[in-house]
>>> print(open('input-v4.tsv').read())   # TSV, C-alpha atoms
chain	number	residue	atom	x	y	z
U	1	MET	CA	13.53	9.32	-312.52
U	2	LYS	CA	13.96	13.10	-312.55
U	3	ARG	CA	13.42	14.48	-309.04
U	4	PHE	CA	13.51	18.22	-309.56
U	5	SER	CA	12.89	20.98	-312.07
U	6	LEU	CA	15.87	21.94	-314.21
U	7	ARG	CA	14.62	25.53	-314.01
U	8	MET	CA	14.91	25.46	-310.22
U	9	ALA	CA	18.32	23.82	-310.41
U	10	ALA	CA	19.53	26.93	-312.24
U	11	VAL	CA	18.41	29.18	-309.36
U	12	GLU	CA	20.95	30.02	-306.66
U	13	THR	CA	20.09	29.05	-303.09
U	14	PRO	CA	18.81	32.14	-301.20
U	15	ILE	CA	21.56	33.81	-299.16
U	16	ILE	CA	19.40	35.21	-296.35
U	17	PRO	CA	18.67	31.78	-294.76
U	18	ALA	CA	22.40	30.95	-294.88
U	19	ILE	CA	23.28	34.15	-293.05
U	20	ALA	CA	20.41	33.61	-290.61
U	21	ALA	CA	21.89	30.20	-289.80
U	22	LEU	CA	25.19	31.86	-288.92
U	23	VAL	CA	23.32	34.12	-286.50
U	24	ARG	CA	21.49	31.17	-284.92
U	25	ASN	CA	24.63	29.10	-284.58
U	26	ASN	CA	26.59	31.93	-282.97
U	27	PRO	CA	24.43	33.33	-280.15
U	28	GLY	CA	24.84	37.04	-279.55
U	29	THR	CA	25.64	37.78	-283.18
U	30	ILE	CA	24.43	41.13	-284.53
U	31	SER	CA	23.01	40.90	-288.03
U	32	LEU	CA	23.75	43.75	-290.42
U	33	GLY	CA	22.27	41.63	-293.17
U	34	GLN	CA	18.48	41.72	-293.14
U	35	GLY	CA	16.99	44.37	-295.44
U	36	VAL	CA	14.10	45.50	-293.24
U	37	VAL	CA	13.35	48.48	-291.01
U	38	ASN	CA	13.44	48.50	-287.22
U	39	TYR	CA	9.85	49.67	-286.78
U	40	GLY	CA	6.43	48.23	-287.44
U	41	PRO	CA	3.20	49.78	-288.72
U	42	PRO	CA	1.39	52.31	-286.53
U	43	PRO	CA	-0.04	50.48	-283.48
U	44	ALA	CA	-3.33	52.32	-283.90
U	45	ALA	CA	-3.70	50.84	-287.39
U	46	ILE	CA	-3.18	47.32	-286.07
U	47	ALA	CA	-5.64	47.97	-283.24
U	48	ALA	CA	-8.30	48.90	-285.80
U	49	LEU	CA	-8.10	45.54	-287.61
U	50	PRO	CA	-10.60	43.50	-285.52
U	51	THR	CA	-13.35	46.02	-286.15
U	52	MET	CA	-12.48	46.28	-289.82
U	53	MET	CA	-12.69	42.49	-290.19
U	54	GLY	CA	-16.17	42.40	-288.65
U	55	ASP	CA	-17.88	42.15	-292.03
U	56	ALA	CA	-18.50	38.41	-292.62
U	57	GLN	CA	-18.37	38.94	-296.37
U	58	LEU	CA	-14.64	39.60	-296.07
U	59	ASN	CA	-14.13	35.91	-295.31
U	60	LYS	CA	-14.92	35.14	-298.94
U	61	TYR	CA	-12.62	35.59	-301.92
U	62	GLN	CA	-12.13	39.25	-302.73
U	63	ALA	CA	-11.30	41.11	-305.94
U	64	VAL	CA	-8.31	39.76	-307.85
U	65	MET	CA	-6.92	43.25	-308.42
U	66	GLY	CA	-7.18	44.22	-304.76
U	67	TYR	CA	-9.64	45.35	-302.09
U	68	PRO	CA	-11.45	48.31	-303.75
U	69	GLY	CA	-10.86	50.74	-300.89
U	70	LEU	CA	-7.14	49.99	-300.88
U	71	VAL	CA	-6.87	50.23	-304.67
U	72	GLU	CA	-8.51	53.64	-304.55
U	73	ALA	CA	-6.19	54.84	-301.76
U	74	LEU	CA	-3.10	53.60	-303.59
U	75	GLU	CA	-4.20	55.24	-306.83
U	76	HIS	CA	-4.55	58.51	-304.92
U	77	LYS	CA	-1.09	58.06	-303.38
U	78	LEU	CA	0.44	57.34	-306.80
U	79	ALA	CA	-1.15	60.42	-308.34
U	80	GLU	CA	-0.10	62.72	-305.50
U	81	GLU	CA	3.39	61.42	-304.77
U	82	ASN	CA	4.62	59.67	-307.92
U	83	LYS	CA	2.66	61.62	-310.55
U	84	ILE	CA	1.44	58.30	-311.96
U	85	HIS	CA	-2.22	58.18	-312.97
U	86	CYS	CA	-4.17	54.94	-313.24
U	87	GLY	CA	-7.19	54.57	-315.48
U	88	SER	CA	-7.87	53.29	-318.96
U	89	ASP	CA	-4.15	53.23	-319.88
U	90	ALA	CA	-2.55	51.95	-316.67
U	91	MET	CA	-3.90	49.63	-313.98
U	92	LEU	CA	-2.99	48.75	-310.40
U	93	MET	CA	-2.81	45.29	-308.83
U	94	VAL	CA	-2.28	44.52	-305.13
U	95	THR	CA	-0.11	41.47	-304.49
U	96	ALA	CA	1.32	39.53	-301.55
U	97	GLY	CA	4.49	41.62	-301.52
U	98	SER	CA	6.40	43.35	-304.28
U	99	ASN	CA	8.42	40.21	-305.06
U	100	MET	CA	5.18	38.52	-306.05
U	101	ALA	CA	4.24	41.47	-308.24
U	102	PHE	CA	7.60	41.12	-309.98
U	103	LEU	CA	7.15	37.39	-310.58
U	104	ASN	CA	3.57	37.97	-311.83
U	105	CYS	CA	4.85	40.45	-314.39
U	106	ILE	CA	7.60	38.19	-315.71
U	107	LEU	CA	5.04	35.44	-316.20
U	108	ALA	CA	2.73	37.92	-317.91
U	109	VAL	CA	5.19	39.36	-320.44
U	110	ALA	CA	7.84	36.70	-321.14
U	111	ASP	CA	8.39	33.23	-322.54
U	112	PRO	CA	11.20	30.78	-321.70
U	113	GLY	CA	14.44	31.96	-323.26
U	114	ASP	CA	13.53	35.64	-323.16
U	115	GLU	CA	16.07	38.00	-321.61
U	116	PHE	CA	15.88	40.55	-318.80
U	117	ILE	CA	18.65	43.12	-318.37
U	118	LEU	CA	19.69	43.74	-314.75
U	119	PRO	CA	22.21	46.43	-313.79
U	120	LYS	CA	24.84	44.69	-311.65
U	121	PRO	CA	24.95	44.37	-308.67
U	122	PHE	CA	21.33	43.26	-308.79
U	123	TYR	CA	18.66	42.41	-306.23
U	124	PHE	CA	19.04	38.64	-305.96
U	125	ASN	CA	15.32	37.77	-305.71
U	126	GLN	CA	14.73	39.40	-309.09
U	127	GLU	CA	17.50	37.42	-310.76
U	128	MET	CA	16.06	34.29	-309.15
U	129	ALA	CA	12.56	35.07	-310.43
U	130	VAL	CA	13.85	35.51	-313.97
U	131	ARG	CA	15.51	32.08	-313.85
U	132	MET	CA	12.49	30.41	-312.25
U	133	CYS	CA	10.43	31.44	-315.26
U	134	GLY	CA	12.92	29.86	-317.65
U	135	CYS	CA	14.17	33.27	-318.76
U	136	ILE	CA	17.73	34.58	-318.94
U	137	PRO	CA	19.13	37.30	-316.67
U	138	VAL	CA	21.62	39.56	-318.45
U	139	PRO	CA	23.76	41.40	-315.86
U	140	VAL	CA	25.24	44.72	-317.01
U	141	ASP	CA	27.92	46.61	-315.11
U	142	VAL	CA	27.21	50.07	-313.70
U	143	ASN	CA	29.60	52.97	-313.13
U	144	ASP	CA	32.10	53.05	-310.27
U	145	ASP	CA	29.78	55.26	-308.18
U	146	TRP	CA	26.96	52.71	-308.74
U	147	SER	CA	25.11	55.01	-311.17
U	148	LEU	CA	23.59	53.59	-314.35
U	149	ASP	CA	25.67	53.14	-317.51
U	150	VAL	CA	22.92	53.73	-320.06
U	151	ASP	CA	25.20	53.02	-323.03
U	152	ALA	CA	26.08	49.61	-321.58
U	153	LEU	CA	22.39	48.85	-321.07
U	154	ALA	CA	21.68	49.79	-324.68
U	155	ALA	CA	24.49	47.54	-325.91
U	156	ALA	CA	23.00	44.57	-324.04
U	157	ILE	CA	19.66	44.67	-325.86
U	158	THR	CA	18.99	41.75	-328.23
U	159	PRO	CA	15.92	40.51	-330.12
U	160	ARG	CA	15.10	38.35	-327.08
U	161	THR	CA	15.17	41.22	-324.56
U	162	ARG	CA	11.83	41.78	-322.83
U	163	ALA	CA	12.72	44.39	-320.22
U	164	ILE	CA	15.37	46.47	-318.50
U	165	ILE	CA	15.05	46.33	-314.71
U	166	THR	CA	15.99	49.30	-312.52
U	167	VAL	CA	15.85	49.47	-308.71
U	168	SER	CA	15.96	53.01	-307.34
U	169	PRO	CA	16.74	53.69	-304.55
U	170	ASN	CA	18.88	50.65	-305.05
U	171	ASN	CA	19.29	47.39	-303.24
U	172	PRO	CA	22.14	46.55	-302.62
U	173	THR	CA	24.06	49.78	-303.32
U	174	GLY	CA	21.80	52.52	-301.95
U	175	ALA	CA	22.24	54.48	-305.19
U	176	VAL	CA	19.42	56.82	-306.19
U	177	TYR	CA	19.35	56.92	-309.96
U	178	SER	CA	19.05	60.39	-311.44
U	179	GLN	CA	15.95	61.56	-313.26
U	180	ALA	CA	18.10	61.99	-316.36
U	181	SER	CA	19.37	58.40	-316.33
U	182	LEU	CA	15.94	56.89	-315.61
U	183	THR	CA	14.44	59.02	-318.36
U	184	ALA	CA	17.13	57.78	-320.75
U	185	VAL	CA	16.45	54.14	-319.81
U	186	ASN	CA	12.73	54.63	-320.23
U	187	ALA	CA	13.23	56.19	-323.67
U	188	LEU	CA	15.58	53.34	-324.59
U	189	CYS	CA	12.88	50.82	-323.71
U	190	ALA	CA	10.26	52.69	-325.73
U	191	ALA	CA	12.54	52.91	-328.76
U	192	ASN	CA	13.28	49.18	-328.66
U	193	GLY	CA	9.75	47.95	-327.96
U	194	ILE	CA	10.64	46.49	-324.56
U	195	TYR	CA	9.40	47.09	-321.02
U	196	HIS	CA	10.94	49.13	-318.24
U	197	PHE	CA	10.51	47.35	-314.90
U	198	SER	CA	10.95	50.09	-312.28
U	199	ASP	CA	11.31	48.80	-308.71
U	200	GLU	CA	10.64	51.66	-306.26
U	201	ALA	CA	10.27	49.79	-302.97
U	202	TYR	CA	12.63	52.23	-301.18
U	203	GLU	CA	11.03	55.38	-302.60
U	204	TYR	CA	10.86	57.24	-299.27
U	205	PHE	CA	14.41	56.42	-298.22
U	206	THR	CA	16.48	59.27	-299.66
U	207	TYR	CA	19.00	61.59	-297.98
U	208	ASP	CA	20.97	64.79	-298.53
U	209	GLY	CA	18.07	66.43	-300.33
U	210	VAL	CA	18.06	63.86	-303.15
U	211	GLN	CA	14.62	63.24	-304.67
U	212	HIS	CA	13.15	59.96	-305.86
U	213	PHE	CA	11.82	59.88	-309.45
U	214	SER	CA	9.21	57.54	-310.94
U	215	PRO	CA	9.81	56.87	-314.67
U	216	ALA	CA	6.14	56.04	-315.26
U	217	SER	CA	5.34	59.72	-314.66
U	218	LEU	CA	6.94	60.58	-318.01
U	219	PRO	CA	4.59	61.38	-320.92
U	220	GLY	CA	3.65	58.17	-322.74
U	221	ALA	CA	5.61	55.98	-320.32
U	222	HIS	CA	2.48	54.14	-319.17
U	223	GLN	CA	2.58	52.15	-322.43
U	224	HIS	CA	5.76	50.25	-321.54
U	225	THR	CA	6.53	50.88	-317.85
U	226	LEU	CA	5.73	48.60	-314.91
U	227	SER	CA	6.25	50.21	-311.49
U	228	PHE	CA	6.69	48.12	-308.33
U	229	TYR	CA	5.99	49.31	-304.78
U	230	SER	CA	5.96	47.80	-301.32
U	231	MET	CA	4.44	48.43	-297.90
U	232	SER	CA	7.26	46.39	-296.32
U	233	LYS	CA	9.87	49.15	-296.11
U	234	ASN	CA	8.03	52.47	-295.79
U	235	TYR	CA	5.55	51.27	-293.20
U	236	GLY	CA	7.39	48.35	-291.59
U	237	MET	CA	4.92	45.75	-292.92
U	238	ALA	CA	7.43	43.13	-294.14
U	239	SER	CA	5.63	40.09	-292.73
U	240	TRP	CA	2.18	41.37	-293.73
U	241	ARG	CA	3.12	40.91	-297.41
U	242	VAL	CA	1.51	43.78	-299.27
U	243	GLY	CA	2.93	45.11	-302.52
U	244	TYR	CA	1.45	46.63	-305.63
U	245	VAL	CA	2.32	47.17	-309.25
U	246	VAL	CA	1.16	49.62	-311.92
U	247	PHE	CA	1.18	48.07	-315.39
U	248	PRO	CA	0.03	48.88	-318.95
U	249	ALA	CA	-3.69	48.18	-319.28
U	250	ASP	CA	-3.22	45.92	-322.29
U	251	LEU	CA	-1.51	43.42	-319.97
U	252	PHE	CA	-4.65	43.05	-317.87
U	253	ASP	CA	-5.72	39.68	-319.27
U	254	ALA	CA	-2.32	38.09	-318.67
U	255	MET	CA	-1.91	39.69	-315.23
U	256	ASN	CA	-5.41	38.61	-314.22
U	257	LYS	CA	-4.67	34.99	-315.20
U	258	VAL	CA	-1.44	34.90	-313.20
U	259	GLN	CA	-2.91	36.47	-310.07
U	260	ASP	CA	-6.11	34.43	-310.10
U	261	THR	CA	-4.18	31.18	-310.53
U	262	ASN	CA	-1.38	31.85	-308.06
U	263	LEU	CA	-3.10	33.84	-305.31
U	264	ILE	CA	-6.69	34.86	-306.19
U	265	CYS	CA	-6.33	37.89	-303.94
U	266	ALA	CA	-3.81	39.26	-301.48
U	267	PRO	CA	-4.71	38.39	-297.84
U	268	VAL	CA	-7.59	40.62	-296.81
U	269	PRO	CA	-6.41	41.44	-293.25
U	270	SER	CA	-3.12	42.66	-294.71
U	271	GLN	CA	-4.90	44.75	-297.30
U	272	LEU	CA	-7.13	46.30	-294.65
U	273	LEU	CA	-4.11	47.12	-292.51
U	274	ALA	CA	-2.44	48.74	-295.53
U	275	LEU	CA	-5.55	50.85	-296.08
U	276	GLU	CA	-5.53	51.99	-292.46
U	277	VAL	CA	-1.77	52.64	-292.51
U	278	LEU	CA	-2.04	54.85	-295.59
U	279	LYS	CA	-4.17	57.25	-293.54
U	280	PHE	CA	-1.04	58.07	-291.54
U	281	GLY	CA	0.77	58.94	-294.76
U	282	ARG	CA	4.30	59.86	-295.55
U	283	GLU	CA	4.31	62.33	-292.66
U	284	TRP	CA	4.35	59.35	-290.27
U	285	VAL	CA	7.33	57.81	-292.05
U	286	GLN	CA	9.47	60.94	-292.43
U	287	PRO	CA	10.78	61.16	-288.83
U	288	LYS	CA	11.96	57.58	-289.16
U	289	ILE	CA	13.86	58.48	-292.34
U	290	GLU	CA	15.48	61.38	-290.49
U	291	SER	CA	16.52	59.02	-287.70
U	292	LEU	CA	18.02	56.66	-290.27
U	293	ALA	CA	19.90	59.59	-291.81
U	294	ALA	CA	21.69	60.13	-288.48
U	295	VAL	CA	22.50	56.40	-288.25
U	296	ARG	CA	23.79	56.49	-291.84
U	297	LYS	CA	26.16	59.35	-290.97
U	298	ASN	CA	27.57	57.40	-288.02
U	299	VAL	CA	27.97	54.25	-290.13
U	300	TYR	CA	29.95	56.12	-292.79
U	301	GLU	CA	32.20	57.66	-290.14
U	302	ALA	CA	32.90	54.28	-288.51
U	303	LEU	CA	33.63	52.57	-291.82
U	304	GLY	CA	35.92	55.45	-292.75
U	305	THR	CA	38.32	54.32	-290.03
U	306	LEU	CA	39.23	51.38	-292.27
U	307	GLY	CA	40.98	53.82	-294.60
U	308	ASP	CA	42.26	52.49	-297.91
U	309	LEU	CA	41.32	48.93	-296.97
U	310	VAL	CA	37.74	49.56	-298.03
U	311	GLN	CA	36.02	51.43	-300.85
U	312	PHE	CA	32.37	52.46	-300.74
U	313	PRO	CA	30.62	55.26	-302.62
U	314	GLN	CA	28.49	57.25	-300.16
U	315	THR	CA	25.11	56.81	-301.80
U	316	GLN	CA	21.92	58.70	-300.98
U	317	GLY	CA	19.21	56.07	-300.71
U	318	ALA	CA	17.78	52.95	-299.03
U	319	PHE	CA	19.67	51.81	-295.91
U	320	TYR	CA	22.59	49.90	-297.36
U	321	VAL	CA	26.33	50.27	-297.77
U	322	LEU	CA	27.98	48.05	-300.37
U	323	MET	CA	31.71	48.04	-299.79
U	324	LYS	CA	34.66	46.63	-301.65
U	325	LEU	CA	37.33	44.83	-299.64
U	326	PRO	CA	40.47	43.10	-300.97
U	327	GLY	CA	39.75	39.78	-302.64
U	328	LEU	CA	39.79	36.39	-300.98
U	329	THR	CA	42.78	34.19	-301.67
U	330	GLY	CA	43.10	31.04	-303.72
U	331	GLU	CA	40.28	28.55	-303.57
U	332	GLN	CA	38.92	29.98	-300.34
U	333	ASP	CA	35.25	29.35	-299.57
U	334	PRO	CA	33.38	32.54	-300.59
U	335	LEU	CA	31.55	32.44	-297.24
U	336	ALA	CA	34.74	32.01	-295.19
U	337	PHE	CA	34.96	35.72	-294.37
U	338	ASN	CA	31.32	35.85	-293.24
U	339	ARG	CA	31.71	32.69	-291.20
U	340	ALA	CA	34.79	34.09	-289.45
U	341	MET	CA	32.95	37.33	-288.70
U	342	ALA	CA	30.13	35.43	-287.02
U	343	GLN	CA	32.31	33.01	-285.08
U	344	LYS	CA	35.02	35.39	-283.87
U	345	HIS	CA	33.35	38.81	-283.81
U	346	LYS	CA	29.61	38.07	-283.53
U	347	VAL	CA	28.50	40.10	-286.56
U	348	VAL	CA	27.27	39.22	-290.05
U	349	SER	CA	26.71	40.97	-293.38
U	350	ILE	CA	25.61	39.81	-296.84
U	351	PRO	CA	28.37	38.75	-299.28
U	352	GLY	CA	28.49	40.49	-302.64
U	353	PHE	CA	28.36	37.28	-304.66
U	354	ALA	CA	24.65	37.10	-303.77
U	355	PHE	CA	24.17	40.24	-305.88
U	356	GLY	CA	26.11	38.98	-308.89
U	357	LEU	CA	29.59	40.17	-307.82
U	358	MET	CA	31.00	36.70	-308.31
U	359	ASP	CA	34.76	37.25	-308.59
U	360	THR	CA	35.58	37.03	-304.88
U	361	GLN	CA	39.32	36.74	-305.65
U	362	GLU	CA	39.23	40.14	-307.32
U	363	ALA	CA	37.20	41.78	-304.54
U	364	ASN	CA	35.33	40.77	-301.40
U	365	TYR	CA	32.13	42.82	-301.56
U	366	GLN	CA	29.89	43.02	-298.50
U	367	ARG	CA	26.49	44.67	-298.01
U	368	LEU	CA	25.68	46.17	-294.63
U	369	SER	CA	22.11	47.11	-293.70
U	370	TYR	CA	21.67	49.81	-291.07
U	371	GLY	CA	17.88	49.81	-291.16
U	372	ALA	CA	16.90	46.69	-289.21
U	373	LEU	CA	18.30	47.54	-285.77
U	374	GLU	CA	18.06	50.27	-283.18
U	375	PRO	CA	20.82	52.90	-283.55
U	376	ALA	CA	22.86	51.60	-280.57
U	377	SER	CA	22.84	48.06	-281.99
U	378	VAL	CA	23.88	49.34	-285.41
U	379	SER	CA	26.82	51.20	-283.86
U	380	GLN	CA	27.89	48.11	-281.95
U	381	GLY	CA	27.49	45.92	-285.03
U	382	VAL	CA	29.56	48.24	-287.23
U	383	GLU	CA	32.21	48.43	-284.51
U	384	ARG	CA	32.40	44.63	-284.55
U	385	TYR	CA	32.45	44.63	-288.33
U	386	VAL	CA	35.41	47.03	-288.44
U	387	ALA	CA	37.25	44.82	-285.95
U	388	ALA	CA	36.46	41.74	-288.02
U	389	VAL	CA	37.80	43.35	-291.20
U	390	LYS	CA	41.01	44.41	-289.48
U	391	ASP	CA	41.44	40.93	-288.02
U	392	TRP	CA	40.83	39.15	-291.33
U	393	TYR	CA	43.21	41.36	-293.30
U	394	LYS	CA	45.75	41.49	-290.44
U	395	VAL	CA	45.71	45.28	-290.14
>>> encode(input="input-v4.tsv", output="structure tokens")
Amino acid sequence: MKRFSLRMAAVETPIIPAIAALVRNNPGTISLGQGVVNYGPPPAAIAALPTMMGDAQLNKYQAVMGYPGLVEALEHKLAEENKIHCGSDAMLMVTAGSNMAFLNCILAVADPGDEFILPKPFYFNQEMAVRMCGCIPVPVDVNDDWSLDVDALAAAITPRTRAIITVSPNNPTGAVYSQASLTAVNALCAANGIYHFSDEAYEYFTYDGVQHFSPASLPGAHQHTLSFYSMSKNYGMASWRVGYVVFPADLFDAMNKVQDTNLICAPVPSQLLALEVLKFGREWVQPKIESLAAVRKNVYEALGTLGDLVQFPQTQGAFYVLMKLPGLTGEQDPLAFNRAMAQKHKVVSIPGFAFGLMDTQEANYQRLSYGALEPASVSQGVERYVAAVKDWYKV
């Protein structure tokens, strides 16, 4: 008797729980792994929730597309900040996190066997979602500085391709894709009759004067572009699970079916908190980005002490560093390096194989996150990481 889905058997086990277990099993370990911020939503917004939930009607099912007040506020934000306009051509749906929005959209546009192109390294939850739906992820290499190779993306398109996925600012590299490259990808999708899935969860996290660009703001892009956003990063609402997606209006029927079956509506308290949080606006977030910029500078300086042992392009977005270390030897367990870091040096990071960088003998890639901890803890964690690298490679 078959005990499990073959689709699920093709999905890799999530890496975050494995790294979390290393932290639990080695008390005192500093985690440079979790991709979250070190702050929560404004306390005043949380304090307003009990009053906002006073309406007894809110205990009933709410609108599938999202609480009307929140939808209106998000549409205003999109128009002002992203230059994306919702209406008869493009629609907005609020979901329980951006990952759910992504899964909804794959279910809405694809059939088993269809292909999705992911620039590699990719965000592992997206690759997992593609496989869960019986579709095929097609990883495509990027340039050495983690920028997009548009020609390589074009060469990967087949009759089964349904979308090209971009994540900018990028997880796991921190790369901010240029307006020119995102425009080229968007045009490529239009010319080939496929979708452009544009993940913009880290839109506020840019440094050195670099600007984020939303491809759906391009003329005519609303017809084939799906844009994904999250309240988890900008406003520290990871556990509240609020995301949203803008999609072509002709997908409404399919999107409505998926959402109504899987969720009905995003949790109302979370939606109400998101509405209250949006009143604080980007101005509330910006000082936190500036603080992260200072942490980022210190992280780069500390990692620079490893010299030629490590390679890492200094990217301008998110709060990640993806570095290349010399490869692991022989048939070594790909997690051996991470296990040794936790046991001997009390620090962990995320191994690159989780993001599709599978050849650990060629290179041992590791992603560090400097967003989840207070600056002093980040400094201590990176100090331990540098010591762990030197110990492992006998420097």
>>> residues_around(input="input-v4.tsv", residues="segment 267-277 of chain U", least_positions_apart="2", cutoff="7 Å", atoms="only C-alpha atoms", output="ChimeraX atom specification")
/U:41-42,45-46,49,67,70,73,240,242,265,279-280
>>> axis_aligned_box(input="input-v4.tsv", around="segment 95-101 of chain U", padding_each_side="8 Å", output="AutoDock Vina command-line options")
--center_x 4.2 --center_y 40.9 --center_z -304.9 --size_x 24.5 --size_y 20.8 --size_z 22.7
>>> atom_distance(input="input-v4.tsv", atom1="atom CA of Ala340 of chain U", atom2="atom CA of Phe124 of chain U")
23.3 Å
>>> closest_residue(input="input-v4.tsv", among="U:Gln223, U:Thr51, U:Asn59, U:Ser230", to="Leu74 of chain U", atoms="all atoms listed in the file")
U:Ser230
>>> atom_distance(input="input-v4.tsv", atom1="atom CA of Ser369 of chain U", atom2="atom CA of Lys324 of chain U")
14.9 Å
>>> closest_atom_pairs(input="input-v4.tsv", of="segment 175-234 of chain U", to="segment 78-91 of chain U", cutoff="12 Å", atoms="only C-alpha atoms", output="Markdown table")
| residue | atom | partner | partner_atom | distance |
| --- | --- | --- | --- | --- |
| U:Glu200 | CA | U:Asn82 | CA | 10.2 |
| U:Glu203 | CA | U:Asn82 | CA | 9.4 |
| U:Tyr204 | CA | U:Glu81 | CA | 10.2 |
| U:Gln211 | CA | U:Asn82 | CA | 11.1 |
| U:His212 | CA | U:Asn82 | CA | 8.8 |
| U:Phe213 | CA | U:Asn82 | CA | 7.4 |
| U:Ser214 | CA | U:Asn82 | CA | 5.9 |
| U:Pro215 | CA | U:Ile84 | CA | 8.9 |
| U:Ala216 | CA | U:Ile84 | CA | 6.2 |
| U:Ser217 | CA | U:Ile84 | CA | 5.0 |
| U:Leu218 | CA | U:Ile84 | CA | 8.5 |
| U:Pro219 | CA | U:Ile84 | CA | 10.0 |
| U:Gly220 | CA | U:Asp89 | CA | 9.7 |
| U:Ala221 | CA | U:Ile84 | CA | 9.6 |
| U:His222 | CA | U:Ala90 | CA | 6.0 |
| U:Gln223 | CA | U:Asp89 | CA | 7.3 |
| U:His224 | CA | U:Ala90 | CA | 9.8 |
| U:Thr225 | CA | U:Ala90 | CA | 9.2 |
| U:Leu226 | CA | U:Ala90 | CA | 9.1 |
| U:Ser227 | CA | U:Ile84 | CA | 9.4 |
| U:Phe228 | CA | U:Leu78 | CA | 11.2 |
| U:Tyr229 | CA | U:Leu78 | CA | 10.0 |
